[in-house]
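Heads up, run10.txt below (compact mmCIF, C-alpha atoms):
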```
# COMPACT_ATOMS: atom_id res chain seq x y z
CA MET A 1 5.88 -22.16 32.84
CA SER A 2 5.74 -25.90 33.57
CA GLU A 3 4.76 -27.01 37.05
CA LYS A 4 6.58 -29.65 39.01
CA VAL A 5 5.01 -32.98 39.92
CA LYS A 6 6.26 -36.17 41.53
CA CYS A 7 7.56 -38.93 39.29
CA PRO A 8 5.21 -41.93 39.58
CA TYR A 9 8.20 -44.29 39.51
CA CYS A 10 10.78 -42.79 41.90
CA GLY A 11 8.89 -39.95 43.64
CA ASN A 12 11.35 -37.21 42.75
CA GLU A 13 10.04 -33.85 41.56
CA ILE A 14 10.07 -33.35 37.78
CA TYR A 15 8.39 -30.97 35.31
CA ASN A 16 4.92 -32.14 34.30
CA ASP A 17 5.76 -31.92 30.57
CA ALA A 18 8.92 -34.03 30.88
CA GLU A 19 9.17 -36.99 28.53
CA GLN A 20 11.64 -38.81 30.78
CA CYS A 21 12.46 -38.69 34.48
CA GLU A 22 15.91 -37.19 34.95
CA TYR A 23 16.45 -39.32 38.06
CA CYS A 24 15.20 -42.85 37.33
CA LYS A 25 15.27 -42.46 33.49
CA GLU A 26 11.74 -43.87 33.06
CA PHE A 27 9.76 -42.61 30.05
CA PHE A 28 6.19 -41.29 30.29
CA THR A 29 5.33 -41.47 26.58
CA GLU A 30 5.30 -44.30 24.06
CA PRO A 31 8.63 -44.72 22.24
CA HIS A 32 8.48 -42.69 19.03
CA ILE A 33 10.58 -40.76 16.54
CA LYS A 34 9.53 -37.13 16.46
CA GLY A 35 8.30 -35.83 13.11
CA ILE A 36 7.99 -39.15 11.29
CA LYS A 37 4.88 -39.30 9.08
CA LEU A 38 3.51 -42.81 9.53
CA LEU A 39 1.28 -44.70 7.10
CA SER A 40 -0.28 -48.13 7.26
CA LEU A 41 1.28 -50.74 4.98
CA GLY A 42 -1.93 -50.89 2.96
CA GLN A 43 -1.91 -47.13 2.31
CA PHE A 44 1.76 -47.17 1.36
CA ILE A 45 1.29 -50.05 -1.09
CA VAL A 46 -1.72 -48.38 -2.72
CA PHE A 47 0.11 -45.05 -3.13
CA SER A 48 3.20 -46.81 -4.48
CA CYS A 49 1.10 -48.81 -6.93
CA LEU A 50 -0.74 -45.71 -8.18
CA THR A 51 2.56 -43.87 -8.71
CA PHE A 52 4.48 -46.90 -10.06
CA GLY A 53 6.90 -46.82 -7.13
CA LEU A 54 7.46 -43.05 -7.14
CA TYR A 55 5.76 -42.72 -3.75
CA SER A 56 8.75 -44.43 -2.10
CA PHE A 57 10.86 -41.40 -3.07
CA ILE A 58 8.11 -39.04 -1.90
CA TRP A 59 7.90 -40.81 1.47
CA LEU A 60 11.68 -40.58 1.84
CA LEU A 61 11.65 -36.85 1.12
CA ILE A 62 8.80 -36.27 3.60
CA ASN A 63 10.66 -38.11 6.36
CA TYR A 64 14.20 -37.09 5.45
CA LYS A 65 14.47 -34.33 8.07
CA PRO A 66 13.17 -36.39 11.05
CA VAL A 67 15.61 -39.19 10.18
CA ILE A 68 18.48 -36.72 9.82
CA ASN A 69 17.59 -35.20 13.22
CA ILE A 70 18.21 -38.51 15.03
CA SER A 71 21.37 -39.51 13.13
CA ASN A 72 25.00 -38.82 13.88
CA SER A 73 27.18 -36.84 11.47
CA ARG A 74 28.64 -39.95 9.84
CA ASP A 75 25.28 -41.57 9.09
CA ARG A 76 23.91 -38.18 7.99
CA LYS A 77 26.69 -37.88 5.43
CA LYS A 78 26.17 -41.43 4.14
CA LEU A 79 22.44 -40.87 3.71
CA PHE A 80 22.98 -37.57 1.91
CA ASN A 81 25.58 -39.12 -0.43
CA LEU A 82 23.25 -42.00 -1.30
CA LEU A 83 20.52 -39.55 -2.33
CA ALA A 84 22.88 -37.12 -4.06
CA ILE A 85 24.51 -39.83 -6.17
CA GLY A 86 21.81 -42.49 -6.48
CA VAL A 87 18.83 -40.40 -7.60
CA PRO A 88 20.62 -38.66 -10.54
CA VAL A 89 22.10 -42.00 -11.69
CA CYS A 90 18.66 -43.67 -11.69
CA CYS A 91 17.11 -40.73 -13.56
CA PHE A 92 19.96 -40.69 -16.09
CA SER A 93 19.56 -44.43 -16.69
CA ALA A 94 15.81 -44.09 -17.25
CA VAL A 95 16.18 -41.23 -19.73
CA PHE A 96 19.35 -42.05 -21.65
CA ILE A 97 19.95 -45.81 -21.29
CA THR A 98 17.07 -48.21 -20.54
CA TYR A 99 14.11 -48.16 -18.20
CA ALA A 100 14.93 -51.74 -17.14
CA LEU A 101 18.38 -50.67 -15.92
CA ALA A 102 16.80 -47.77 -14.02
CA ILE A 103 14.46 -50.23 -12.25
CA ILE A 104 17.43 -52.36 -11.15
CA LEU A 105 19.46 -49.36 -9.99
CA THR A 106 16.44 -47.95 -8.13
CA LYS A 107 16.01 -51.25 -6.26
CA ILE A 108 19.68 -51.16 -5.26
CA LEU A 109 19.32 -47.51 -4.17
CA PHE A 110 16.21 -48.28 -2.10
CA LEU A 111 18.00 -51.20 -0.44
CA ALA A 112 20.94 -48.97 0.48
CA LEU A 113 18.70 -46.14 1.72
CA SER A 114 16.40 -48.41 3.73
CA TYR A 115 19.38 -50.16 5.35
CA ARG A 116 20.93 -46.84 6.35
CA ILE A 117 17.60 -45.60 7.80
CA LEU A 118 17.13 -48.83 9.76
CA ARG A 119 20.65 -48.56 11.20
CA ILE A 120 20.02 -44.92 12.19
CA ILE A 121 16.80 -45.92 13.99
CA GLU A 122 18.54 -48.83 15.73
CA LYS A 123 21.40 -46.63 16.96
CA TYR A 124 18.97 -43.93 18.11
CA SER A 125 16.89 -46.48 20.04
CA CYS A 126 19.97 -47.88 21.75
CA ILE A 127 21.04 -44.40 22.91
CA LYS A 128 17.64 -42.94 23.85
CA TYR A 129 15.69 -45.97 25.08
CA ASP A 130 18.56 -48.34 25.91
CA SER A 131 16.86 -50.88 23.63
CA ASN A 132 18.82 -52.99 21.15
CA ILE A 133 16.14 -53.31 18.47
CA VAL A 134 17.01 -55.22 15.30
CA HIS A 135 15.58 -55.47 11.79
CA ASN A 136 14.89 -58.63 9.83
CA GLU A 137 17.34 -59.02 6.95
CA ILE A 138 14.90 -60.97 4.78
CA GLY A 139 12.16 -58.39 5.25
CA TRP A 140 14.59 -55.56 4.48
CA PHE A 141 16.02 -57.24 1.35
CA CYS A 142 12.61 -58.15 -0.10
CA PHE A 143 10.65 -55.00 0.73
CA ASP A 144 13.24 -52.19 1.26
CA ILE A 145 11.32 -48.92 1.93
CA LEU A 146 8.06 -50.80 2.55
CA TYR A 147 9.84 -52.68 5.34
CA VAL A 148 11.00 -49.37 6.87
CA VAL A 149 7.37 -48.19 6.95
CA TYR A 150 6.38 -51.43 8.70
CA PHE A 151 9.39 -51.16 11.04
CA LEU A 152 8.36 -47.67 12.12
CA GLY A 153 4.72 -48.71 12.47
CA THR A 154 5.74 -51.36 14.99
CA TYR A 155 8.42 -49.22 16.66
CA PRO A 156 6.92 -49.05 20.19
CA GLU A 157 6.56 -52.86 20.35
CA ARG A 158 10.15 -53.28 19.19
CA VAL A 159 11.54 -50.91 21.83
CA HIS A 160 9.59 -52.70 24.58
CA THR A 161 10.66 -56.12 23.25
CA PRO A 162 14.30 -55.94 22.05
CA GLY A 163 15.24 -58.68 19.63
CA MET A 164 11.76 -58.85 18.07
CA ARG A 165 11.99 -59.25 14.30
CA TRP A 166 8.36 -59.83 13.29
CA CYS A 167 5.44 -57.90 14.80
CA MET A 168 2.65 -59.01 12.51
CA ASN A 169 0.71 -62.24 12.25
CA THR A 170 1.29 -64.67 9.38
CA LYS A 171 -2.06 -63.93 7.71
CA ASN A 172 -1.28 -60.21 7.33
CA TRP A 173 2.21 -60.92 6.03
CA ILE A 174 0.75 -63.25 3.37
CA ILE A 175 -1.80 -60.61 2.30
CA TYR A 176 0.77 -57.80 2.10
CA SER A 177 3.31 -60.05 0.36
CA PHE A 178 0.69 -60.98 -2.24
CA ILE A 179 -0.17 -57.31 -2.87
CA PHE A 180 3.52 -56.46 -3.10
CA ILE A 181 4.15 -59.24 -5.64
CA LEU A 182 1.23 -57.99 -7.75
CA CYS A 183 2.68 -54.46 -7.68
CA ALA A 184 6.14 -55.77 -8.61
CA ALA A 185 4.64 -57.79 -11.49
CA LEU A 186 2.82 -54.68 -12.71
CA ALA A 187 6.09 -52.71 -12.62
CA VAL A 188 7.86 -55.43 -14.66
CA LEU A 189 5.05 -55.47 -17.24
CA MET A 190 5.21 -51.69 -17.52
CA THR A 191 8.99 -51.92 -18.01
CA TYR A 192 8.62 -54.36 -20.90
CA TYR A 193 5.78 -52.32 -22.38
CA ILE A 194 7.77 -49.08 -22.32
CA SER A 195 10.85 -50.86 -23.69
CA PHE A 196 8.73 -52.34 -26.50
CA ILE A 197 7.37 -48.88 -27.39
CA ASN A 198 10.89 -47.39 -27.40
CA VAL A 199 12.18 -50.16 -29.68
CA GLY A 200 9.14 -49.82 -31.98
```

Will you turn the file into structure tokens for me?
Amino acid sequence: MSEKVKCPYCGNEIYNDAEQCEYCKEFFTEPHIKGIKLLSLGQFIVFSCLTFGLYSFIWLLINYKPVINISNSRDRKKLFNLLAIGVPVCCFSAVFITYALAIILTKILFLALSYRILRIIEKYSCIKYDSNIVHNEIGWFCFDILYVVYFLGTYPERVHTPGMRWCMNTKNWIIYSFIFILCAALAVLMTYYISFINVG
């Protein structure tokens, strides 16, 4: 059974395994989302490149439950519907129509999924940490799931500094943007190559 200790902020007695003081509402641990499997941007880009973008789906499936656990019923339903409708449509397009169309639809699906996840995290942070964190629209639109990985990697800094949109220096953003562009170019080349083989 947990022992009681004095809160270092207000002096009231609390359980020593408490994450937050029930009296002054101060937190004793770094802001985090329980169960989220974090990766560095570099690792995520490498895995995505090796799997031609499939790792984005894998990462979503791995972290689906932790995201669902912090969402309300409305956001939970929207996220489920996006996956239930979007994934079969993308697969159908790749198999029966054209691979190029599947790439476009997958990008749209990733944008919708990443936006919904970001909104869930923002709402959760406002309720739990009383912190109005925000995402960067340009980063979200350009990098979708990759931006969500970055967003979660910088989550503690965002909670402590509401309104922060960028948490990485310019040099790192240039490096990661360059790698991302190379991966995107590789995906486009593969699309044309597969289309050429199908036509031939």

Hey, could you make a per-residue contact list for segment 27-76 of chain A against segment 84-93 of chain A with 12 Å as the cut-off, showing the nearest pair of atoms and its distance in Å to one decimal, counting all atoms listed in the file, sorted by chain and number, as CSV?
```
residue,atom,partner,partner_atom,distance
A:Leu54,CA,A:Val87,CA,11.7
A:Phe57,CA,A:Val87,CA,9.2
A:Leu60,CA,A:Val87,CA,11.8
A:Leu61,CA,A:Val87,CA,11.8
```

From the list A:Phe44, A:Gly53, A:Ile14, A:Asn72, which residue is nearest Ile127 of chain A when using only C-alpha atoms?
A:Asn72

What's the separation between atom CA of Lys78 of chain A and atom CA of Ile138 of chain A, in Å to one decimal place?
22.6 Å

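Here the question is which of A:Tyr64, A:Phe47, A:Tyr99, A:Tyr155 gets nearest to Arg116 of chain A using only C-alpha atoms, and that residue is A:Tyr64.
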
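The interatomic distance for the pair atom CA of Glu13 of chain A and atom CA of Lys34 of chain A works out to 25.3 Å.
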
I want to know what sits within 10 Å of Asp17 of chain A, based on all atoms listed in the file, with residues of the same chain fewer than 6 positions away left out; could you give that as a PDB file with C-alpha atoms, in the frame of the given file?
```pdb
ATOM      1  CA  SER A   2       5.740 -25.900  33.570  1.00  0.00           C
ATOM      2  CA  GLU A   3       4.760 -27.010  37.050  1.00  0.00           C
ATOM      3  CA  LYS A   4       6.580 -29.650  39.010  1.00  0.00           C
ATOM      4  CA  VAL A   5       5.010 -32.980  39.920  1.00  0.00           C
ATOM      5  CA  PHE A  28       6.190 -41.290  30.290  1.00  0.00           C
TER       6      PHE A  28
END
```

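The closest residue to Pro31 of chain A, picked from A:Asn81, A:Thr161, A:Ser71, A:Thr106 and counting only C-alpha atoms, is A:Thr161.
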
Quick one: residues within 10 Å of (15.8, -41.2, 25.6) (file frame), counting all atoms listed in the file, please, as a ChimeraX atom specification.
/A:19-21,25-27,31-32,124-131

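Note that the spacing between atom CA of Ile120 of chain A and atom CA of Ile68 of chain A amounts to 8.7 Å.
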
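Closest approach to Phe52 of chain A from the set A:Lys77, A:Ile121, A:Cys24, A:Ile103 is made by A:Ile103, with distances taken over only C-alpha atoms.
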
Kindly extract all protein, DNA and RNA residues lying within 10 Å of the coordinates (8.5, -52.2, 11.2) given in the file, considering only C-alpha atoms, and supply them as a compact mmCIF listing (two decimals) with C-alpha atoms, in the frame of the given file.
```
# COMPACT_ATOMS: atom_id res chain seq x y z
CA LEU A 41 1.28 -50.74 4.98
CA LEU A 118 17.13 -48.83 9.76
CA VAL A 134 17.01 -55.22 15.30
CA HIS A 135 15.58 -55.47 11.79
CA ASN A 136 14.89 -58.63 9.83
CA GLY A 139 12.16 -58.39 5.25
CA TRP A 140 14.59 -55.56 4.48
CA LEU A 146 8.06 -50.80 2.55
CA TYR A 147 9.84 -52.68 5.34
CA VAL A 148 11.00 -49.37 6.87
CA VAL A 149 7.37 -48.19 6.95
CA TYR A 150 6.38 -51.43 8.70
CA PHE A 151 9.39 -51.16 11.04
CA LEU A 152 8.36 -47.67 12.12
CA GLY A 153 4.72 -48.71 12.47
CA THR A 154 5.74 -51.36 14.99
CA TYR A 155 8.42 -49.22 16.66
CA PRO A 156 6.92 -49.05 20.19
CA GLU A 157 6.56 -52.86 20.35
CA ARG A 158 10.15 -53.28 19.19
CA ARG A 165 11.99 -59.25 14.30
CA TRP A 166 8.36 -59.83 13.29
CA CYS A 167 5.44 -57.90 14.80
CA MET A 168 2.65 -59.01 12.51
```

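Take the candidates A:Leu189, A:Ile62, A:Ala112, A:Asn69 and check each one against Ala100 of chain A using all atoms listed in the file; the shortest distance goes to A:Leu189.
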
Give me, as an NGL selection string, all polymer residues having an atom no more than 9 Å from Asp144 of chain A, counting all atoms listed in the file and skipping those fewer than 5 positions away in the same chain.
:A and (107 or 110-115 or 139)

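Distance annotation: of A:Leu109, A:Ile145, A:Cys10, A:Leu101, the residue with the minimal separation from Ile58 of chain A is A:Ile145; atom set is all atoms listed in the file.
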